[in-house]
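J.: This structure is in structure tokens; I'll ask about it shortly.
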Amino acid sequence: MHYPRSVGEFQAWFRTDADCLDYLEWLRWPAGFVCPACGHVGGWRLGDGRFMCSGCGGRTSVTAGTIFDRTRTPLTIWFTACWLLATGKDGISALSLKRTLEIGSYQTAWAMLHRLRSVLVSPGRDRLAGMVEVDETYIGGEEPGLRGGRARGKKVLIGIAVEIREPKGLGRCRMGPLPDASGASLHAFVRAHVEPGARVITDGWQGYRGLEKLGYVHERRSQRAARAGGEGPGDLLPAVHRVASLAKRWLLGTHQGSVNDAHLASYLNEFVFRFNRRRSRSRGMLFYRLLDLAVGHDPVRYQDLIASPRPRAVPPAPPRARGHPPSLERPPANRPWRTADLDYSG
């Protein structure tokens with residue numbers, strides 16, 4: 001068994017930070033240590049827990065070069081955050097994670113979740129195939145005078161592609177921000193997420209013209225003809241409208257809609273990761289997949305995450321004292337609820 005199947009197994013498997021570190025070592029080097037610098041197989045463990053390559057003599061740790069590189073947060077906290085993010089039906093917000101795991105600052109919890117979101121797109125993942133609906137939608141608050149249509153505003157234009165399964169049902173989906181609704185932007189989105197030869201179904205927007213020249217079977221559906229037949233806008237492309245509705249409801253429910261435009265792509269990656277694995281028999285499998293992607297991803301620094309880095313003050317201000325989140329590796333509490341002064345006479 002490569003992953004825990006329940007909360008009970010998770011707590012039993014990863015009771016200490018040493019257990020978590022050993023699991024990361026197994027994920028990164030399942031057949032034994034491989035030097036990340038020269039690729040040599042084989043080495044030995046040093047007294048400080050690092051590995052020394054027997055080929056080039058380089059030294060490295062299990063977490064070096066991964067998402068957990070240089071982290072000061074205990075691995076039990078990281079693993080619990082991964083479990084909550086991967087196995088929760090709607091994920092978890094940074095504020096909830098901060099309160100649940102007693103993390104000292106909101107920024108630490110926010111950065112942890114965004115580092116995990118940055119690994120959710122598998123390198124070289126397969127593009128959508130078969131029958132695929134493609135459309136756009138806006139995500140953002142209500143703006144006067146910008147109801148519907150493709151008018152520019154503070155909202156973010158999002159491209160959506162959804163596989164259609166026969167005889168019914170939805171397959172995988174892809175979502176991503178678009179600079180505009182021009183043909184160049186829409187064609188780039190389709191080419192990035194849909195396999196050539198697929199049957200692409202869109203509305204009658206002019207930006208989709210020319211998909212046939214890119215190797216797709218293009219089917220256009222007219223909104224005017226749909227209205228004449230008594231159908232609503234949602235009946236024209238039902239799959240993308242359903243996925244768009246689920247994504248907006250998730251952003252509103254889990255994150256109260258307070259998503260910065262600069263980070264919207266990361267949140268959409270989380271939604272797509274969760275939606276495409278909605279039929280997984282074991283939620284623990286998602287936890288395993290998330291950690292497997294994390295140890296294979298390059299480090300992500302805090303400066304890479306923030307949308308608008310602030311210029312550093314000159315001279316720099318003295319660092320503030322911040323407490324690190326306590327490890328979940330704790331001794332038994334000796335049943336504090338069984339105190340001698342409890343009175344059951346009443």
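We name chains A, B, ... following the order of the structure tokens; residues begin at 1 in each chain, and ligands are numbered from 1 as shown.
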Just list the residues in stretch 20-129 of chain A DSSP gives alpha helix (DSSP H) on the backbone, as a ChimeraX atom specification.
T.: /A:20-28,75-87,94-101,106-117
J.: Contacts of A:Cys82 at 8 Å or less, counting only C-alpha atoms, minus same-chain residues fewer than 5 places along, as a compact mmCIF listing (two decimals) with N, CA and C atoms, in the first residue's frame?
T.:
# COMPACT_ATOMS: atom_id res chain seq x y z
N LEU A 116 1.69 24.35 -2.80
CA LEU A 116 1.08 23.08 -3.18
C LEU A 116 0.27 23.21 -4.47
N PHE A 287 -3.86 12.38 -2.10
CA PHE A 287 -2.78 12.80 -1.20
C PHE A 287 -1.43 12.28 -1.69
N LEU A 290 -0.41 14.17 -4.84
CA LEU A 290 0.03 15.53 -4.54
C LEU A 290 1.46 15.55 -4.02
N LEU A 291 1.79 14.65 -3.10
CA LEU A 291 3.15 14.59 -2.58
C LEU A 291 4.14 14.12 -3.64
J.: Have a look at A:Leu305, A:Asp203, A:Thr16, A:Gly296 and name the one nearest to A:Ala262; count only C-alpha atoms.
T.: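 Using only C-alpha atoms, A:Ala262 sits closest to A:Leu305.
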J.: Can you tell me how far atom CA of A:Arg72 sits from atom CA of A:Glu329, in Å to one decimal?
T.: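 Distance reported for this atom pair: 14.8 Å.
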J.: Could you pull out the strand (DSSP E or B) residues of stretch 63-270 of chain A from DSSP and send them as a PyMOL selection string?
T.: chain A and resi 128+131-139+156-164+170-177+194+199-203+217-221
J.: Could you tell me which of A:Arg224, A:His193, A:Lys168, A:Arg15 comes closest to A:Leu75 if we count only C-alpha atoms?
T.: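 Going through A:Arg224, A:His193, A:Lys168, A:Arg15 one by one, the smallest distance to A:Leu75 is for A:Arg15.
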J.: May I have the residues within 9 Å of A:Ile139 as a list in words, using only C-alpha atoms and disregarding those fewer than 3 positions away in the same chain?
T.: Lys155, Val156, Leu157, Ile158, Ala244 and Lys248 of chain A
J.: My list of candidates is A:Cys173, A:Leu21, A:Met1, A:Ala64. Which is closest to A:Ala37 when distances are computed with only C-alpha atoms?
T.: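 Of all the options, A:Ala64 lies closest to A:Ala37.
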